[in-house]
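Asks: Sharing input_23.cif here; it has mmCIF, C-alpha atoms and all ligand atoms.
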data_final
#
loop_
_atom_site.label_atom_id
_atom_site.label_comp_id
_atom_site.auth_asym_id
_atom_site.auth_seq_id
_atom_site.Cartn_x
_atom_site.Cartn_y
_atom_site.Cartn_z
CA MET A 1 143.09 30.21 57.51
CA ARG A 2 145.18 31.36 54.54
CA GLU A 3 142.46 30.14 52.16
CA TRP A 4 139.81 31.98 54.14
CA LEU A 5 141.81 35.21 54.09
CA PHE A 6 142.31 34.80 50.35
CA ASP A 7 138.55 34.37 49.94
CA VAL A 8 137.80 37.46 52.00
CA PHE A 9 140.23 39.78 50.21
CA ARG A 10 140.32 38.52 46.62
CA GLU A 11 139.07 40.68 43.75
CA ARG A 12 138.52 43.84 45.84
CA PRO A 13 140.82 46.91 45.37
CA TRP A 14 143.20 47.31 48.36
CA TRP A 15 141.72 50.63 49.50
CA MET A 16 138.23 49.08 49.59
CA SER A 17 139.60 46.21 51.69
CA ALA A 18 141.12 48.81 54.03
CA VAL A 19 137.70 50.49 54.41
CA MET A 20 136.12 47.06 55.01
CA ILE A 21 138.66 46.31 57.78
CA PHE A 22 137.90 49.69 59.35
CA CYS A 23 134.15 48.96 59.20
CA ALA A 24 134.76 45.53 60.77
CA TYR A 25 136.74 47.18 63.60
CA MET A 26 133.88 49.64 64.15
CA ALA A 27 131.19 46.93 63.99
CA PHE A 28 132.85 44.31 66.16
CA ILE A 29 135.03 46.29 68.57
CA TYR A 30 134.43 50.04 68.74
CA MET A 31 130.61 50.29 68.49
CA PRO A 32 129.88 47.55 71.10
CA TRP A 33 132.31 49.36 73.46
CA ASP A 34 130.78 52.73 72.60
CA LEU A 35 127.27 51.46 73.22
CA PHE A 36 127.75 49.32 76.31
CA VAL A 37 130.85 50.61 78.11
CA LYS A 38 131.37 54.31 77.34
CA PRO A 39 129.68 56.54 80.00
CA VAL A 40 126.58 58.37 78.72
CA GLU A 41 127.87 61.78 79.86
CA VAL A 42 130.95 61.67 77.60
CA ASP A 43 129.27 59.96 74.62
CA GLN A 44 129.22 61.81 71.28
CA GLU A 45 127.79 60.93 67.85
CA VAL A 46 127.99 62.89 64.61
CA TRP A 47 125.32 62.51 61.90
CA PHE A 48 125.38 64.71 58.80
CA GLY A 49 127.71 67.15 60.56
CA ILE A 50 125.43 67.52 63.59
CA LEU A 51 126.91 66.63 66.99
CA PHE A 52 124.73 64.67 69.41
CA THR A 53 125.72 64.10 73.05
CA GLY A 54 124.49 62.17 76.11
CA ALA A 55 121.41 59.96 75.75
CA TRP A 56 120.88 60.99 72.12
CA ALA A 57 124.40 59.87 71.31
CA LYS A 58 123.67 56.49 72.92
CA ILE A 59 120.42 56.09 70.95
CA LEU A 60 122.07 57.07 67.67
CA ALA A 61 124.93 54.65 68.27
CA VAL A 62 122.51 51.81 67.43
CA PRO A 63 121.89 52.83 63.78
CA HIS A 64 125.58 53.69 63.55
CA TRP A 65 126.44 50.15 64.60
CA PHE A 66 123.99 48.80 62.03
CA VAL A 67 125.56 50.95 59.28
CA TYR A 68 129.05 49.54 59.95
CA ALA A 69 127.81 45.94 60.23
CA ALA A 70 125.83 46.30 56.98
CA ALA A 71 128.91 47.77 55.27
CA VAL A 72 131.08 44.78 56.27
CA TYR A 73 128.42 42.46 54.85
CA GLY A 74 127.99 44.58 51.72
CA PHE A 75 131.74 44.66 50.98
CA ARG A 76 132.18 40.98 51.70
CA ARG A 77 129.21 39.82 49.61
CA ARG A 78 129.35 42.52 46.91
CA ARG A 79 125.76 43.57 47.51
CA SER A 80 124.32 45.82 44.80
CA TRP A 81 122.91 48.40 47.26
CA MET A 82 126.52 49.23 48.23
CA ALA A 83 127.01 50.86 44.80
CA PHE A 84 124.90 53.77 46.10
CA TRP A 85 125.36 53.54 49.88
CA ALA A 86 129.17 53.42 49.99
CA PRO A 87 129.66 56.75 48.14
CA ALA A 88 126.63 58.26 49.89
CA TYR A 89 128.04 57.44 53.34
CA ALA A 90 131.53 58.69 52.47
CA ALA A 91 129.94 61.89 51.06
CA GLN A 92 128.00 62.61 54.25
CA VAL A 93 131.18 62.16 56.33
CA ALA A 94 132.99 64.57 53.95
CA PHE A 95 130.12 67.03 54.33
CA GLY A 96 130.24 66.76 58.13
CA LEU A 97 134.00 67.37 58.25
CA TYR A 98 133.67 70.32 55.91
CA LEU A 99 130.81 71.91 57.85
CA TRP A 100 132.52 71.55 61.20
CA THR A 101 135.81 73.00 60.11
CA ALA A 102 134.17 75.78 58.07
CA LEU A 103 131.96 76.84 60.99
CA GLU A 104 134.78 76.60 63.52
CA THR A 105 137.14 78.66 61.35
CA GLY A 106 134.41 81.13 60.37
CA GLY A 107 134.23 83.72 57.60
CA PHE A 108 135.45 83.30 54.02
CA SER A 109 138.63 81.48 55.09
CA GLY A 110 136.37 78.84 56.73
CA VAL A 111 134.85 78.14 53.31
CA ILE A 112 138.35 77.28 52.00
CA VAL A 113 139.93 75.72 55.14
CA GLY A 114 136.91 73.41 55.53
CA LEU A 115 137.90 71.66 52.33
CA PHE A 116 141.21 70.31 53.71
CA PRO A 117 139.97 67.76 56.28
CA ALA A 118 137.11 66.86 53.90
CA LEU A 119 139.43 66.14 50.94
CA PRO A 120 140.34 62.49 51.82
CA MET A 121 136.63 61.65 52.22
CA ILE A 122 135.78 63.46 48.97
CA ALA A 123 138.46 61.34 47.27
CA LEU A 124 136.96 58.21 48.85
CA THR A 125 133.47 59.21 47.67
CA TRP A 126 134.83 59.62 44.15
CA ALA A 127 136.71 56.29 44.35
CA PHE A 128 133.56 54.44 45.47
CA TRP A 129 131.50 56.10 42.77
CA THR A 130 133.90 55.32 39.94
CA ASN A 131 134.31 51.71 41.19
CA ARG A 132 130.59 51.09 41.72
CA ASP A 133 130.67 48.34 39.06
CA TYR A 134 132.39 46.19 41.66
CA PHE A 135 128.99 45.82 43.35
CA ASP A 136 127.15 44.90 40.16
CA PRO A 137 126.09 41.27 40.05
CA LYS A 138 128.64 39.39 37.96
CA PRO A 139 127.52 37.43 34.89
CA LEU A 140 126.89 33.83 35.91
CA ALA A 141 129.01 32.18 33.19
CA LEU A 142 127.87 28.81 34.50
CA LYS A 143 128.86 26.98 31.33
CA ALA A 144 132.43 28.32 31.50
CA ARG A 145 132.67 27.39 35.16
CA TYR A 146 131.01 23.98 35.22
CA GLY A 147 130.78 22.62 31.67
CA ASP A 148 127.97 21.71 29.29
CA TRP A 149 125.40 19.88 31.38
CA ALA A 150 123.36 20.63 34.50
CA LEU A 151 120.90 18.35 36.28
CA VAL A 152 117.94 19.95 38.08
CA THR A 153 115.71 17.81 40.29
CA GLY A 154 112.21 19.05 41.05
CA ALA A 155 112.21 20.92 37.72
CA SER A 156 108.48 20.53 37.13
CA ALA A 157 107.42 23.35 39.48
CA GLY A 158 108.37 26.34 41.61
CA ILE A 159 112.00 27.05 42.44
CA GLY A 160 113.22 24.12 40.32
CA THR A 161 111.55 25.46 37.16
CA ALA A 162 113.03 28.90 37.86
CA LEU A 163 116.50 27.42 38.39
CA ALA A 164 116.27 25.36 35.19
CA ARG A 165 115.20 28.44 33.19
CA GLN A 166 118.08 30.57 34.49
CA ILE A 167 120.66 27.84 33.98
CA ALA A 168 119.43 27.35 30.40
CA ALA A 169 119.46 31.12 29.82
CA ASP A 170 123.13 31.02 30.79
CA GLY A 171 123.79 28.49 28.02
CA MET A 172 124.01 25.14 29.80
CA ASN A 173 122.16 22.05 28.59
CA VAL A 174 119.78 20.83 31.27
CA VAL A 175 118.55 17.44 32.46
CA LEU A 176 115.08 18.04 33.87
CA SER A 177 113.82 15.57 36.45
CA ALA A 178 110.61 15.15 38.46
CA ARG A 179 107.56 12.84 38.40
CA ARG A 180 105.20 14.92 36.20
CA GLU A 181 106.34 14.19 32.66
CA ASP A 182 103.92 16.57 30.92
CA ARG A 183 105.32 19.53 32.87
CA LEU A 184 108.90 18.50 32.09
CA ARG A 185 108.08 18.12 28.38
CA SER A 186 106.60 21.58 28.05
CA LEU A 187 109.50 23.14 30.01
CA ALA A 188 112.04 21.27 27.84
CA ALA A 189 110.34 22.55 24.66
CA GLU A 190 110.36 26.11 26.02
CA LEU A 191 114.06 25.99 27.00
CA GLU A 192 115.16 24.49 23.69
CA ARG A 193 113.17 27.10 21.76
CA GLU A 194 114.17 30.13 23.88
CA TYR A 195 117.82 29.38 24.58
CA GLU A 196 118.85 26.94 21.85
CA ILE A 197 120.20 24.40 24.31
CA GLU A 198 119.75 20.63 24.62
CA THR A 199 117.57 19.05 27.26
CA ARG A 200 116.98 15.55 28.56
CA ILE A 201 113.96 14.48 30.57
CA VAL A 202 114.29 11.85 33.27
CA VAL A 203 111.04 10.96 35.00
CA ALA A 204 111.97 9.71 38.46
CA ASP A 205 110.23 9.30 41.79
CA LEU A 206 112.89 10.23 44.33
CA GLY A 207 110.68 8.98 47.16
CA GLU A 208 111.02 5.42 45.89
CA VAL A 209 113.84 3.23 47.12
CA GLY A 210 116.38 3.33 44.28
CA GLY A 211 114.77 6.38 42.63
CA ALA A 212 117.85 8.60 42.97
CA ALA A 213 120.22 5.80 41.93
CA GLY A 214 118.08 5.29 38.79
CA LEU A 215 118.33 9.01 37.98
CA ALA A 216 122.12 8.96 38.45
CA GLU A 217 122.27 5.95 36.12
CA ALA A 218 120.16 7.78 33.50
CA VAL A 219 122.69 10.64 33.29
CA ALA A 220 125.85 8.54 33.63
CA ASP A 221 126.73 9.10 29.94
CA LEU A 222 126.73 12.92 30.39
CA ASP A 223 129.42 15.06 32.01
CA VAL A 224 127.09 16.68 34.52
CA GLY A 225 129.05 19.64 35.87
CA LEU A 226 126.28 21.33 37.85
CA LEU A 227 123.96 19.37 40.11
CA VAL A 228 120.92 21.11 41.56
CA ASN A 229 119.41 19.08 44.41
CA ASN A 230 116.15 20.94 44.51
CA ALA A 231 113.30 18.37 44.63
CA GLY A 232 111.68 18.47 48.03
CA LEU A 233 108.44 18.62 49.92
CA GLY A 234 106.96 19.38 53.32
CA TYR A 235 104.20 17.75 55.36
CA ALA A 236 102.68 19.97 58.02
CA GLY A 237 101.01 18.82 61.21
CA ARG A 238 101.49 17.28 64.63
CA PHE A 239 103.90 14.36 64.33
CA ASP A 240 101.63 11.65 65.78
CA LEU A 241 98.75 12.65 63.48
CA LEU A 242 100.77 12.36 60.27
CA ASP A 243 101.02 9.36 57.96
CA GLY A 244 104.23 7.42 58.65
CA GLU A 245 104.81 6.24 55.08
CA ARG A 246 104.44 9.78 53.73
CA LEU A 247 106.99 10.99 56.28
CA ARG A 248 109.41 8.26 55.22
CA ARG A 249 109.07 9.27 51.57
CA LEU A 250 109.64 12.92 52.53
CA VAL A 251 112.93 11.98 54.21
CA THR A 252 113.93 9.94 51.15
CA VAL A 253 113.24 12.82 48.73
CA ASN A 254 114.73 15.59 50.90
CA CYS A 255 117.78 13.76 52.30
CA GLU A 256 118.57 10.43 50.66
CA ALA A 257 118.14 11.64 47.07
CA PRO A 258 120.57 14.59 47.35
CA LEU A 259 123.02 12.34 49.16
CA VAL A 260 122.91 9.61 46.49
CA LEU A 261 123.00 12.02 43.53
CA THR A 262 125.81 14.14 44.96
CA HIS A 263 127.86 11.07 45.78
CA ALA A 264 127.37 9.69 42.26
CA LEU A 265 128.08 12.91 40.35
CA VAL A 266 130.84 14.45 42.42
CA GLN A 267 133.22 11.67 41.35
CA GLY A 268 133.10 12.89 37.72
CA MET A 269 133.41 16.54 38.78
CA ARG A 270 136.53 15.75 40.77
CA GLU A 271 138.06 13.94 37.78
CA ARG A 272 137.28 16.90 35.49
CA GLY A 273 138.67 19.34 38.07
CA ARG A 274 135.53 21.50 38.27
CA GLY A 275 131.90 21.37 39.29
CA GLY A 276 129.04 22.86 41.25
CA VAL A 277 126.42 21.44 43.62
CA LEU A 278 123.45 23.45 44.83
CA PHE A 279 121.19 22.16 47.60
CA THR A 280 117.83 23.85 48.03
CA GLY A 281 117.66 23.87 51.80
CA SER A 282 115.40 26.12 53.85
CA VAL A 283 115.54 28.53 56.78
CA ALA A 284 113.38 25.84 58.39
CA GLY A 285 116.62 23.87 58.74
CA ARG A 286 118.06 26.49 61.07
CA GLN A 287 115.85 25.64 64.03
CA PRO A 288 113.56 22.98 65.48
CA LEU A 289 110.13 23.56 63.90
CA PRO A 290 107.17 22.03 65.74
CA LEU A 291 104.30 21.07 63.37
CA HIS A 292 106.91 20.78 60.58
CA ALA A 293 109.33 18.75 62.66
CA VAL A 294 110.42 16.19 60.08
CA TYR A 295 110.68 18.73 57.27
CA ALA A 296 112.89 21.03 59.38
CA ALA A 297 115.05 18.06 60.34
CA THR A 298 115.54 17.10 56.69
CA LYS A 299 116.53 20.66 55.80
CA ALA A 300 118.99 20.73 58.72
CA PHE A 301 120.50 17.58 57.19
CA ASP A 302 120.80 19.28 53.78
CA ALA A 303 122.40 22.36 55.36
CA GLN A 304 124.94 20.38 57.38
CA LEU A 305 125.79 18.14 54.44
CA GLY A 306 126.10 21.03 52.00
CA GLU A 307 128.21 23.28 54.20
CA ALA A 308 130.56 20.42 55.11
CA LEU A 309 130.95 19.50 51.43
CA TRP A 310 131.64 23.17 50.62
CA ALA A 311 134.71 22.92 52.85
CA GLU A 312 135.68 19.42 51.66
CA LEU A 313 135.39 19.98 47.93
CA ARG A 314 136.70 23.50 47.46
CA ALA A 315 140.25 22.19 47.02
CA SER A 316 138.94 20.15 44.06
CA ASN A 317 137.45 23.30 42.49
CA ILE A 318 133.90 22.13 43.21
CA ASP A 319 131.56 24.86 44.46
CA VAL A 320 128.85 23.86 46.90
CA LEU A 321 126.02 26.06 48.11
CA VAL A 322 123.01 25.62 50.37
CA LEU A 323 120.23 27.96 49.24
CA GLU A 324 117.99 28.69 52.22
CA PRO A 325 114.71 30.38 51.28
CA GLY A 326 111.96 31.40 53.68
CA THR A 327 108.43 31.04 52.35
CA VAL A 328 108.30 31.07 48.53
CA GLU A 329 105.08 31.20 46.49
CA THR A 330 105.08 27.80 44.81
CA GLU A 331 103.05 24.59 45.07
CA PHE A 332 104.95 23.76 48.25
CA GLN A 333 102.26 24.98 50.68
CA GLU A 334 99.52 23.04 48.94
CA VAL A 335 101.60 19.84 48.86
CA ALA A 336 102.58 20.28 52.52
CA GLY A 337 98.95 20.89 53.52
CA GLU A 338 99.65 24.32 55.00
CA ILE A 339 97.18 27.19 55.28
CA PRO A 340 98.18 29.47 52.35
CA HIS A 341 100.41 32.42 53.23
CA ARG A 342 102.43 34.94 51.24
CA GLY A 343 106.01 34.35 50.20
CA ALA A 344 108.91 35.41 48.01
CA ASP A 345 109.16 35.12 44.25
CA ALA A 346 110.68 31.84 42.98
CA ASP A 347 112.67 33.57 40.20
CA GLN A 348 114.37 35.90 42.64
CA VAL A 349 115.21 33.08 45.02
CA ALA A 350 116.66 31.00 42.16
CA ALA A 351 118.72 33.97 40.93
CA LEU A 352 120.15 34.49 44.40
CA GLY A 353 121.15 30.83 44.59
CA LEU A 354 122.95 30.81 41.25
CA ARG A 355 124.67 34.13 41.98
CA SER A 356 125.89 32.90 45.36
CA LEU A 357 127.23 29.56 44.13
CA GLY A 358 131.01 29.75 44.32
CA GLU A 359 130.85 32.80 46.60
CA GLN A 360 129.86 31.29 49.93
CA PRO A 361 128.74 28.01 51.56
CA SER A 362 125.13 29.04 52.17
CA VAL A 363 122.78 31.91 51.50
CA ILE A 364 119.50 32.89 53.14
CA ALA A 365 116.98 34.48 50.76
CA GLY A 366 115.63 37.80 52.03
CA TRP A 367 117.05 40.18 54.61
CA PHE A 368 114.17 39.63 57.02
CA ASN A 369 114.71 35.87 56.95
CA TRP A 370 118.42 36.48 57.46
CA ILE A 371 117.85 38.64 60.52
CA ARG A 372 115.21 36.29 61.88
CA ALA A 373 117.34 33.19 61.40
CA ASN A 374 120.50 34.74 62.81
CA ALA A 375 118.90 36.67 65.65
CA ALA A 376 116.81 33.68 66.65
CA TYR A 377 119.77 31.33 66.48
CA ARG A 378 122.25 33.51 68.30
CA LEU A 379 120.17 35.44 70.80
CA THR A 380 117.84 32.79 72.20
CA THR A 381 118.14 29.26 73.56
CA ARG A 382 116.97 26.30 71.48
CA PRO A 383 114.01 25.47 73.79
CA ILE A 384 112.73 29.07 73.52
CA LEU A 385 113.28 28.95 69.77
CA ALA A 386 111.28 25.71 69.46
CA LEU A 387 108.37 27.13 71.46
CA VAL A 388 108.24 30.42 69.52
CA ALA A 389 108.57 28.60 66.18
CA GLY A 390 105.74 26.23 67.19
CA HIS A 391 103.50 29.18 67.99
CA HIS A 392 104.27 30.69 64.57
CA MET A 393 103.72 27.38 62.74
CA ALA A 394 100.33 26.86 64.38
CA LYS A 395 99.03 29.81 62.30
CA GLN A 396 100.00 27.96 59.11
CA THR A 397 98.67 24.53 60.13
CA PRO A 398 95.05 23.41 59.72
CA GLU A 399 93.32 23.13 63.10
CA GLU A 400 92.66 19.39 62.83
CA LEU A 401 96.41 18.74 62.44
CA ARG A 402 97.65 20.88 65.36
N1 LIG B 501 108.23 27.10 48.75
C1 LIG B 501 108.75 27.34 49.90
O1 LIG B 501 108.18 28.04 50.74
C2 LIG B 501 110.12 26.77 50.23
C3 LIG B 501 110.82 27.35 51.27
C4 LIG B 501 112.07 26.86 51.58
C5 LIG B 501 112.59 25.81 50.87
N2 LIG B 501 111.89 25.23 49.87
C6 LIG B 501 112.49 24.10 49.16
O2 LIG B 501 112.55 24.39 47.79
C7 LIG B 501 112.55 23.18 47.03
C8 LIG B 501 111.59 23.32 45.89
O3 LIG B 501 110.30 23.50 46.42
P1 LIG B 501 109.23 24.42 45.72
O4 LIG B 501 108.91 25.51 46.67
O5 LIG B 501 109.63 24.77 44.37
O6 LIG B 501 107.99 23.41 45.76
P2 LIG B 501 107.09 22.82 44.59
O7 LIG B 501 106.57 23.91 43.74
O8 LIG B 501 106.11 21.94 45.28
O9 LIG B 501 108.11 21.94 43.75
C9 LIG B 501 108.63 20.75 44.27
C10 LIG B 501 109.36 19.99 43.19
O10 LIG B 501 109.89 18.78 43.76
C11 LIG B 501 109.44 17.69 42.97
N3 LIG B 501 109.19 16.51 43.78
C12 LIG B 501 108.40 16.40 44.87
N4 LIG B 501 108.35 15.13 45.29
C13 LIG B 501 109.10 14.41 44.40
C14 LIG B 501 109.42 13.03 44.28
N5 LIG B 501 108.94 12.12 45.12
N6 LIG B 501 110.22 12.65 43.27
C15 LIG B 501 110.73 13.54 42.40
N7 LIG B 501 110.46 14.86 42.46
C16 LIG B 501 109.65 15.29 43.45
C17 LIG B 501 108.14 18.17 42.33
O11 LIG B 501 107.91 17.48 41.09
P3 LIG B 501 106.76 16.39 40.83
O12 LIG B 501 105.65 16.68 41.76
O13 LIG B 501 106.43 16.58 39.39
O14 LIG B 501 107.45 15.09 41.10
C18 LIG B 501 108.44 19.62 42.07
O15 LIG B 501 109.10 19.74 40.84
C19 LIG B 501 112.23 22.08 48.02
O16 LIG B 501 113.42 21.39 48.36
C20 LIG B 501 111.69 22.82 49.23
O17 LIG B 501 111.92 22.11 50.41
C21 LIG B 501 110.66 25.70 49.52
#
The structure given in the file should be rewritten as C-alpha cells.

Replies:
Amino acid sequence: MREWLFDVFRERPWWMSAVMIFCAYMAFIYMPWDLFVKPVEVDQEVWFGILFTGAWAKILAVPHWFVYAAAVYGFRRRRSWMAFWAPAYAAQVAFGLYLWTALETGGFSGVIVGLFPALPMIALTWAFWTNRDYFDPKPLALKARYGDWALVTGASAGIGTALARQIAADGMNVVLSARREDRLRSLAAELEREYEIETRIVVADLGEVGGAAGLAEAVADLDVGLLVNNAGLGYAGRFDLLDGERLRRLVTVNCEAPLVLTHALVQGMRERGRGGVLFTGSVAGRQPLPLHAVYAATKAFDAQLGEALWAELRASNIDVLVLEPGTVETEFQEVAGEIPHRGADADQVAALGLRSLGEQPSVIAGWFNWIRANAAYRLTTRPILALVAGHHMAKQTPEELR
C-alpha cells in the first residue's frame, strides 16, 4: 500500500496532487451521488458561469463526471492533453466565479469585487500553465535505465520493427530476432547507419520446440537489459475448422516463448539490479473472443503473466509492461487470415509501449479501445461479452471459417 501511494504521488508538485485528490473525490464520490441520489428539483450545475437547474442539471452532470474522471486519469498518467485542459478548466471556473460575483454585486464595484473569489482559480490557472511541462512526454532514456542491450522478438515486421527502431533511436544496441533473415538484415543495416548502434541478428522459429531456449542461448554472452516479447500471431476461424498443429505453434510463439525468454533473461537483470520486460499483449486478451478463441486465450496468458511479474519484480528494479493494442495495421491480419480492416499506426503503438514501461503494469493503445475494454469488462457479464465479441469477430472472419 505504501509503495502504491508512493507511485501515485511521486514526481508531481503537492498542489497538483491536491487537485488530483479533489478530482478523484468528485469522480468517485460526489458526481455519482449527484447524478443518482440528489433529487432533480434541487439539482444545480454551473458551466462557463451559467447556472443550470432541474433536468438540465442532471443531463449536464454526465459530462461533468467525465471531466473529473478524465482529469484523475490525466494527472495520474501525465497525459499530454492535460497541458492544455488543466489550465483551460481552471480558467473557465475562474471566469464563472468572476461573472457570478460581478453580476450579483452589480455596477463598477462588481467589476472589482468579482476578482476576489476568482483569484485562487486564476492562480491555479497560472500554476497549471507554468507547470505544463509536467505533462510533456519524458525522454525515454532507455539505455540509462536498462543498459546497453535490448532483445526484440518479431522484429522483422509491424510493431516489432517499430519498437526496434525506437529503442535504437534511444541509443541501445538491439538483438533482432524473427524467422525472415533478409528483413532482419536490412533493418540491422538501417539501425546501425541511422543511430550508430550495434546489432545482432538471431534467426529463430519460436514456434519450434526449443526455439526460444535457442534464442536465449544465442544472447547469453550479452547483458540484455530490455526484453521485448513481441513476436506473435493470430489464426482466425471457428475452432473445429482450424488446423490443430498451427494452433499449437501459435500457443508456443505467443505464450511459451515469452515465458522461456523472460525466465532466462530476468535472472541477469536481477543480478544487475535493473531491467525491463515488455510483453506485446492485446485487448483481445481482455475477453473471450469467439472465432479468435485461442489467440485471445494466449493474450490473456501474456496479460496475466506480465501484470503479475510487474508486481513481483518491481522490488528488484525491473519494469514490466503489457502493451495491449487494438487493431494495428501490420501483416497480422493477413497472417491470421482475417478480412482486412483498418487499425492504428504501429509506430504510435510502439511509442506508447516504451513510454509506459516503468510507469504502469499495462497500457491499452487508443482511448476507444480503453473505453471498450473497460466498459465491456466492467458493465456486462462474461457470457454477454462473449456473444457480442463473437458477433463483431464474424465481420472480420471469412465466411467459410465461421
Ligand atoms: N496487428 C494487430 O492488430 C495487433 C493487435 C494486438 C496485438 N498484436 C500483437 O502484436 C505483436 C506483433 O504483431 P504485429 O501486428 O506486428 O504482426 P506482424 O506484422 O505479423 O509481425 C509479427 C512478428 O512476429 C514474428 N513471428 C511470427 N511467428 C514467428 C515465429 N514462429 N517465430 C519467430 N517469430 C515469429 C514475425 O516474424 P517472421 O514472420 O519473420 O518470423 C513478425 O516479425 C503480436 O504479439 C500480436 O499478437 C497485434

Asks: Report as JSON, numbers by chain which protein, DNA and RNA residues come within 6 Å of ligand LIG 501 (chain B), using all atoms listed in the file.

Replies: {"A": [154, 155, 156, 157, 158, 159, 160, 178, 179, 180, 204, 205, 206, 207, 230, 231, 232, 233, 253, 280, 281, 282, 325, 326, 327, 328, 329, 330, 331, 332]}

Asks: Quick one: everything within 7 Å of stretch 171-176 of chain A, counting only C-alpha atoms, minus sequence neighbours fewer than 3 positions away in the same chain. Send it as a PyMOL selection string.

Replies: chain A and resi 143+148-153+155+164+167-168+184+195+197-202

Asks: Can you work out the spacing between atom CA of A:Gln166 and atom CA of A:Ala218 in Å, to one decimal?

Replies: 22.9 Å

Asks: For A:Arg145, which residue among A:Ala55, A:Pro361, A:Asp170, A:Phe301 is the nearest when counting only C-alpha atoms?

Replies: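 Closest to A:Arg145, using only C-alpha atoms: A:Asp170.
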
Asks: Figure out the distance between atom CA of A:Arg270 and atom CA of A:Trp4, please, to one decimal in Å.

Replies: 21.3 Å

Asks: One number please: atom CA of A:Phe9 to atom CA of A:Val349, in Å, one decimal.

Replies: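 These atoms are spaced 26.4 Å apart.
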